[in-house]
Structure formats: structure tokens, C-alpha cells
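Following: one structure in C-alpha cells, then a few remarks.
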Amino acid sequence: MREQEVSVIGLGPMGRAMARASLGKGYRVTVWNRTAGKADELVAAGADRAATVHDALAASQLVVLSLTDNDAVYTVLEPATEALPGRVLVNLGSDTPESARRAARWASGHGARYLTGGVQASPPDIGQPGFSTFYSGPKEAFDAHREALEVLTGTDYRGEDPGLAAVYYQVGMDLFWTTVLGWLHALALADAHGVPAEEVLPSASSMLAGMPDFLAFYTRRIDAGEYPGDLEKLAMGVASVDHVLETSRGAGVDTSLPSAVLEVFRRGMAAGRADDSATSLVEVLKKPAAA
Ligand code: NDP
């Protein structure tokens, strides 16, 4: 049987972890990176160093791209487009859904098939069980390389539209970064009162551990467009957020985050939703804020 091959272009922490995982599973791995020295450790572990991007593309049908964004993808691939016909590009870097669709059209125009990926793992998680990556794009290309992709993480194929994996990924990142920033603001507030992060950990963890039940309960209502104020009302939420803002102001910490939250709550009030659930704010958030 022919040895299985993969080329990895882009050797930041993520690309290096992916190349390592594929080497560990016996794949023939070809690597290329703008800063060539980042390939040294992989070459020592058995990877082939491609002298050029063209060589990296020529070495394997499956080409994993792990670059900062799609601008970097074009910068790297444009000089080597004659090597693209017949390749399957799997772009695991972050960018917008529209950018993913544009990149898929660009790749297709050069004779390559293109899968978008959204990795829900950090570099040390690559090759470990329990992690997953969203994929979208041509199903036959995904199926043909599923086994090699599952060396990296589990796979979650979302559909043919190359933008879809980026949609799921950016939705996740939206949730992740706003949650992390909320936590960091809470820690700044605690710190202003002499309470270290360690002391907040149990209550913060317990609050977040309750979130799956909270989400499951309200998701059904949100999809049904129903926001009864039977358990909590937006008017109560406004008062609560206002207390967070005032506590923050009193502590002398940054108030931009609770101020932004309060502003959204007030728009909900102005839209006549005082007696609805605070989850009715999803309707406010579906539209851009008036300038
Ligand atoms: P880095 O930004 O550290 O590395 C990106 C790679 O892109 C490097 O190899 C870098 O080359 C290359 N690069 C950037 N700009 C250019 C350019 N103009 N021309 C040529 N090469 C360029 O990212 P990571 O490895 O951390 O992540 C890669 C992708 O994976 C990103 O899109 C990231 O959002 C995504 N991701 C990362 C996660 C993480 O935890 N790290 C988690 C999930 C997704 P050079 O070495 O020469 O600078």
C-alpha cells in the first residue's frame, strides 16, 4: 500500500503540533514555513523539508494550511499556483465565512478542492482524544481525507458550503472571547477588593458549570421566538447590570464592558421588552445598533 502523505504549510504552534501528530501516526509529512528554522525539530523527527511552497504542494495530495489568516494563504500560495491542480487544500486557519468562500472559489479556479476547518483545540490537544474540528466544503474531498484529518482531532462535517465551518468556528470564538473577557473583568473587580482569582475560582466554576442546563432551557424558547418573563424579567436584569457597573466604578476598575452590556439591556427596555426575559435581547442583537 502507498504510504499516506500530508503536507503542512505554516509551522506556528498549531501547524507544528499537526505535523508532529501526523508523523506520530506514520504519515509521510512534508513541511514548509516562511521562517524555515521552525521546521528543524520536525525534520529531525522524520518530516521532509520542502525547499519551496511548490515542492510542498507537489509532495502530497492533502495539503494542510495552518497560517494566521487568508491574506497569508494568498501570499504563500500565489507564487506556486501551477502546483495546485489536483490538490485538496484544508485550511485550518481562522478567517471569516465570506473569506473562506472567496478562498474556495480561488482554489477551485486553480484546479484545487478546498475544505475549510475550524479547530476547537489548542496545540497541545492535537492528536489527543476529546477534541473536534468543524469542516465544510466538498463532501467527497472530506471523505477521501477524513482518516488523515482524524489524526489531528475528531471531525465534525457541517456541509458543502465552504463558509459553514467558519460560521461555526466564529460563533464559538464569539462565545469564547466574550466569556473570557467577562471572567477577566470579574477578576479585576475582585482584585480591586483584595480578592485573588484563586478565591473566585469555585464560584466562577460553579456558575459556568450550570450553563449547559441554562442554555438547553432557553435554546428551545429562543428557537421558538418565545421570551416569557416567567422566571426573570429584563427589567430585573437592567438593575442587576447597573449594580455591576456601579460596583466597578466604585472599585476604580475599567467600566467599558459593563457599560456596553448595560447599553444593550437599555435598548431592550426601549424596545418595550421590560417584562420579557433578558434572553429577548437576542432580538436586539440581531440588528446593528443605530449609529
Ligand atoms: P501563528 O500566527 O503563530 O502561526 C501562523 C503561521 O503563519 C506561521 O507559520 C507564520 O510564519 C505564518 N504566516 C503568517 N503570516 C504570513 C505571511 N504573510 N507569509 C507567510 N507565512 C505567514 O498561528 P498558530 O500556529 O497559533 O495558529 C495557526 C492558525 O490556527 C491561526 O489561524 C489560528 O487562528 C488557528 N488556531 C490556532 C489555535 C491556537 O491555539 N494556536 C487554536 C485554534 C485555531 P512564520 O513562522 O514565518 O512567522
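Chain lettering (A, B, ...) mirrors the order of the C-alpha cells, residue numbering begins at 1 for each chain separately, and ligand numbering begins at 1 in order of display.
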- Message: Going by DSSP on the backbone, which residues of range 149-192 of chain A come out as strand (DSSP E)? List them as JSON, numbers by chain.
- Response: {"A": [154, 155, 156, 157, 158, 159]}
Could you make a table, as CSV, of the residues of chain A that have an atom within 8 Å of an atom of ligand 1, each with its nearest atom pair and distance in Å to one decimal, counting only C-alpha atoms and all ligand atoms, in chain and number order?
residue,atom,partner,partner_atom_place_in_ligand_line,distance
A:Ile9,CA,ligand 1,9 (O),7.3
A:Gly10,CA,ligand 1,9 (O),3.7
A:Leu11,CA,ligand 1,9 (O),3.9
A:Gly12,CA,ligand 1,25 (O),3.3
A:Pro13,CA,ligand 1,25 (O),4.1
A:Met14,CA,ligand 1,25 (O),3.8
A:Gly15,CA,ligand 1,25 (O),5.4
A:Arg16,CA,ligand 1,25 (O),7.3
A:Asn33,CA,ligand 1,9 (O),5.4
A:Arg34,CA,ligand 1,47 (O),3.9
A:Thr35,CA,ligand 1,47 (O),3.8
A:Ala36,CA,ligand 1,47 (O),7.2
A:Lys38,CA,ligand 1,46 (O),6.6
A:Ser66,CA,ligand 1,28 (C),4.7
A:Leu67,CA,ligand 1,7 (O),3.5
A:Thr68,CA,ligand 1,32 (O),4.0
A:Asp69,CA,ligand 1,32 (O),5.1
A:Asp71,CA,ligand 1,18 (N),6.8
A:Ala72,CA,ligand 1,18 (N),4.2
A:Val73,CA,ligand 1,19 (N),7.2
A:Thr75,CA,ligand 1,19 (N),5.6
A:Val76,CA,ligand 1,20 (C),5.4
A:Leu92,CA,ligand 1,30 (O),5.8
A:Gly93,CA,ligand 1,32 (O),3.2
A:Ser94,CA,ligand 1,32 (O),3.8
A:Asp95,CA,ligand 1,32 (O),7.0
A:Gly118,CA,ligand 1,44 (C),6.6
A:Val119,CA,ligand 1,43 (C),4.8
A:Gln120,CA,ligand 1,43 (C),5.7
A:Ala121,CA,ligand 1,42 (C),5.4
A:Ser122,CA,ligand 1,40 (O),3.8
A:Pro123,CA,ligand 1,40 (O),5.6
Restricted to C-alpha atoms, what would the selected residues look like written as a short mmCIF file (atom, residue, chain, number, x, y, z; two decimals), in the first residue's frame?
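Saved to out-v3.cif:
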data_model
loop_
_atom_site.label_atom_id
_atom_site.label_comp_id
_atom_site.auth_asym_id
_atom_site.auth_seq_id
_atom_site.Cartn_x
_atom_site.Cartn_y
_atom_site.Cartn_z
CA ILE A 9 2.24 24.64 5.26
CA GLY A 10 2.57 27.01 8.20
CA LEU A 11 4.51 25.93 11.26
CA GLY A 12 3.29 28.14 14.06
CA PRO A 13 2.44 26.28 17.28
CA MET A 14 -0.64 24.77 15.61
CA GLY A 15 0.99 23.64 12.36
CA ARG A 16 3.91 22.12 14.26
CA ASN A 33 7.27 27.53 6.65
CA ARG A 34 8.27 31.10 5.80
CA THR A 35 10.72 31.06 8.70
CA ALA A 36 12.47 27.86 7.71
CA LYS A 38 10.68 26.31 12.61
CA SER A 66 -2.07 26.49 9.19
CA LEU A 67 -1.44 30.17 8.61
CA THR A 68 -2.51 33.26 10.54
CA ASP A 69 -5.29 34.23 8.11
CA ASP A 71 -4.16 37.01 3.46
CA ALA A 72 -1.20 34.88 4.47
CA VAL A 73 -2.66 31.96 2.48
CA THR A 75 0.80 35.43 0.00
CA VAL A 76 2.15 31.90 0.39
CA LEU A 92 -7.32 25.24 9.29
CA GLY A 93 -6.51 28.92 9.88
CA SER A 94 -9.05 31.40 11.16
CA ASP A 95 -10.91 33.82 8.89
CA GLY A 118 -12.32 25.43 12.39
CA VAL A 119 -10.16 23.82 15.05
CA GLN A 120 -11.65 23.68 18.53
CA ALA A 121 -8.45 22.73 20.28
CA SER A 122 -5.15 24.27 21.24
CA PRO A 123 -1.78 22.92 20.05
#
Nearby residues (only C-alpha atoms) at most 12 Å from range 176-181 of chain A, same-chain spacing under 6 positions excluded, as a compact mmCIF listing (two decimals) with all heavy atoms, in the first residue's frame:
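Result file is around.txt:
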# COMPACT_ATOMS: atom_id res chain seq x y z
N GLN A 120 -11.23 23.36 17.16
CA GLN A 120 -11.65 23.68 18.53
C GLN A 120 -10.71 22.99 19.52
O GLN A 120 -11.13 22.14 20.31
CB GLN A 120 -13.08 23.20 18.77
CG GLN A 120 -14.10 23.75 17.80
CD GLN A 120 -15.38 22.99 17.91
OE1 GLN A 120 -16.16 23.23 18.82
NE2 GLN A 120 -15.59 22.02 17.04
N TYR A 169 -17.12 28.11 13.61
CA TYR A 169 -15.91 28.46 14.35
C TYR A 169 -16.03 29.86 14.94
O TYR A 169 -15.73 30.07 16.12
CB TYR A 169 -14.69 28.37 13.41
CG TYR A 169 -13.39 28.72 14.10
CD1 TYR A 169 -12.80 27.83 14.98
CD2 TYR A 169 -12.78 29.95 13.89
CE1 TYR A 169 -11.62 28.15 15.63
CE2 TYR A 169 -11.59 30.27 14.54
CZ TYR A 169 -11.02 29.37 15.39
OH TYR A 169 -9.85 29.68 16.05
N GLN A 170 -16.48 30.83 14.12
CA GLN A 170 -16.56 32.20 14.63
C GLN A 170 -17.65 32.34 15.69
O GLN A 170 -17.51 33.13 16.63
CB GLN A 170 -16.77 33.22 13.48
CG GLN A 170 -15.61 33.25 12.46
CD GLN A 170 -14.24 33.47 13.08
OE1 GLN A 170 -14.11 33.92 14.22
NE2 GLN A 170 -13.18 33.13 12.35
N LEU A 187 -12.55 39.20 37.57
CA LEU A 187 -11.32 39.04 38.37
C LEU A 187 -10.70 40.39 38.70
O LEU A 187 -10.16 40.58 39.81
CB LEU A 187 -10.31 38.16 37.63
CG LEU A 187 -10.71 36.70 37.42
CD1 LEU A 187 -9.57 35.92 36.78
CD2 LEU A 187 -11.16 36.04 38.73
N ALA A 188 -10.79 41.35 37.76
CA ALA A 188 -10.27 42.70 38.03
C ALA A 188 -11.07 43.34 39.15
O ALA A 188 -10.52 44.00 40.05
CB ALA A 188 -10.32 43.55 36.76
N ALA A 204 -16.93 30.89 40.34
CA ALA A 204 -16.94 31.09 38.88
C ALA A 204 -17.15 29.76 38.17
O ALA A 204 -17.95 29.66 37.23
CB ALA A 204 -15.62 31.73 38.44
N MET A 207 -20.72 28.57 38.54
CA MET A 207 -21.66 29.30 37.69
C MET A 207 -21.57 28.79 36.24
O MET A 207 -22.59 28.51 35.60
CB MET A 207 -21.36 30.80 37.72
CG MET A 207 -22.29 31.58 36.81
SD MET A 207 -21.93 33.33 36.82
CE MET A 207 -22.71 33.82 38.33
N LEU A 208 -20.36 28.61 35.75
CA LEU A 208 -20.22 28.16 34.36
C LEU A 208 -20.66 26.70 34.20
O LEU A 208 -21.17 26.32 33.15
CB LEU A 208 -18.78 28.36 33.87
CG LEU A 208 -18.39 29.83 33.69
CD1 LEU A 208 -16.93 29.96 33.26
CD2 LEU A 208 -19.29 30.54 32.68
N MET A 211 -24.16 26.33 33.17
CA MET A 211 -24.54 26.91 31.89
C MET A 211 -25.21 25.93 30.91
O MET A 211 -26.13 26.32 30.22
CB MET A 211 -23.33 27.58 31.22
CG MET A 211 -23.08 28.98 31.75
SD MET A 211 -24.46 30.05 31.30
CE MET A 211 -24.30 31.35 32.48
N ASP A 254 -11.90 49.28 35.16
CA ASP A 254 -12.41 49.62 33.84
C ASP A 254 -13.92 49.31 33.76
O ASP A 254 -14.35 48.23 34.16
CB ASP A 254 -11.65 48.80 32.79
CG ASP A 254 -12.02 49.20 31.37
OD1 ASP A 254 -13.14 48.85 30.92
OD2 ASP A 254 -11.19 49.85 30.72
N SER A 256 -15.76 49.74 30.80
CA SER A 256 -16.24 49.69 29.40
C SER A 256 -17.11 48.45 29.14
O SER A 256 -18.10 48.54 28.40
CB SER A 256 -15.08 49.78 28.42
OG SER A 256 -14.13 48.77 28.68
N LEU A 257 -16.75 47.33 29.76
CA LEU A 257 -17.52 46.11 29.48
C LEU A 257 -18.92 46.17 30.09
O LEU A 257 -19.91 46.01 29.36
CB LEU A 257 -16.73 44.89 29.96
CG LEU A 257 -17.20 43.54 29.47
CD1 LEU A 257 -17.23 43.47 27.94
CD2 LEU A 257 -16.31 42.44 30.02
N PRO A 258 -19.07 46.43 31.42
CA PRO A 258 -20.44 46.51 31.94
C PRO A 258 -21.23 47.66 31.33
O PRO A 258 -22.46 47.56 31.19
CB PRO A 258 -20.25 46.70 33.46
CG PRO A 258 -18.82 47.01 33.67
CD PRO A 258 -18.06 46.46 32.49
N ALA A 260 -21.08 48.59 28.19
CA ALA A 260 -21.57 48.08 26.90
C ALA A 260 -22.74 47.12 27.13
O ALA A 260 -23.73 47.13 26.39
CB ALA A 260 -20.44 47.38 26.15
N VAL A 261 -22.63 46.29 28.18
CA VAL A 261 -23.71 45.35 28.48
C VAL A 261 -24.98 46.13 28.85
O VAL A 261 -26.08 45.84 28.35
CB VAL A 261 -23.30 44.39 29.62
CG1 VAL A 261 -24.46 43.51 30.04
CG2 VAL A 261 -22.11 43.53 29.20
- A:Thr155, A:Asn91, A:Thr255, A:Ser277: which is nearest Tyr227 in chain A, counting only C-alpha atoms?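 Looking at the shortest contact to Tyr227 in chain A, the residue is A:Ser277.
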- Item | DSSP alpha helix (DSSP H) residues within range 39-225 of chain A, as JSON, numbers by chain | {"A": [40, 41, 42, 43, 44, 53, 54, 55, 56, 57, 58, 59, 70, 71, 72, 73, 74, 75, 76, 77, 97, 98, 99, 100, 101, 102, 103, 104, 105, 106, 107, 108, 109, 139, 140, 141, 142, 143, 144, 145, 146, 147, 148, 149, 164, 165, 166, 167, 168, 169, 170, 171, 172, 173, 174, 175, 176, 177, 178, 179, 180, 181, 182, 183, 184, 185, 186, 187, 188, 189, 190, 191, 192, 197, 198, 199, 200, 201, 202, 203, 204, 205, 206, 207, 208, 209, 211, 212, 213, 214, 215, 216, 217, 218, 219, 220, 221, 222, 223, 224]}
- Quick one: residues within 10 Å of Gly268 in chain A, only C-alpha atoms counted, chain neighbours fewer than 5 positions away excluded, as a PyMOL selection string? chain A and resi 234-235+238+262-263+273-274+276+278-285
- Separation of CA of Ala209 in chain A from CA of Glu226 in chain A in Å: 24.8 Å
- Item | Polymer residues at most 10 Å from Ala141 in chain A, only C-alpha atoms, same-chain spacing of 6 or more positions, as a VMD selection string | chain A and resid 62 87 to 90 113 to 115
Generate a file of the selected residues that holds N, CA and C atoms, formatted as a PDB file, in the first residue's frame.
ATOM      1  N   LEU A  62      -3.005  15.847  -0.113  1.00  0.00           N
ATOM      2  CA  LEU A  62      -3.616  16.541   1.020  1.00  0.00           C
ATOM      3  C   LEU A  62      -2.652  17.603   1.559  1.00  0.00           C
ATOM      4  N   ARG A  87      -4.822  19.165  -5.984  1.00  0.00           N
ATOM      5  CA  ARG A  87      -4.572  19.161  -4.530  1.00  0.00           C
ATOM      6  C   ARG A  87      -5.903  19.313  -3.778  1.00  0.00           C
ATOM      7  N   VAL A  88      -5.911  18.858  -2.533  1.00  0.00           N
ATOM      8  CA  VAL A  88      -7.017  19.156  -1.619  1.00  0.00           C
ATOM      9  C   VAL A  88      -6.434  20.043  -0.526  1.00  0.00           C
ATOM     10  N   LEU A  89      -6.825  21.303  -0.558  1.00  0.00           N
ATOM     11  CA  LEU A  89      -6.332  22.248   0.453  1.00  0.00           C
ATOM     12  C   LEU A  89      -7.284  22.217   1.638  1.00  0.00           C
ATOM     13  N   VAL A  90      -6.740  22.015   2.813  1.00  0.00           N
ATOM     14  CA  VAL A  90      -7.558  22.041   4.030  1.00  0.00           C
ATOM     15  C   VAL A  90      -7.056  23.209   4.857  1.00  0.00           C
ATOM     16  N   ARG A 113      -9.300  21.433  -4.823  1.00  0.00           N
ATOM     17  CA  ARG A 113     -10.507  21.407  -3.994  1.00  0.00           C
ATOM     18  C   ARG A 113     -10.150  21.985  -2.624  1.00  0.00           C
ATOM     19  N   TYR A 114     -11.151  22.509  -1.933  1.00  0.00           N
ATOM     20  CA  TYR A 114     -10.854  23.326  -0.761  1.00  0.00           C
ATOM     21  C   TYR A 114     -11.824  22.998   0.369  1.00  0.00           C
ATOM     22  N   LEU A 115     -11.261  22.660   1.513  1.00  0.00           N
ATOM     23  CA  LEU A 115     -12.071  22.443   2.717  1.00  0.00           C
ATOM     24  C   LEU A 115     -11.700  23.492   3.754  1.00  0.00           C
TER      25      LEU A 115
END
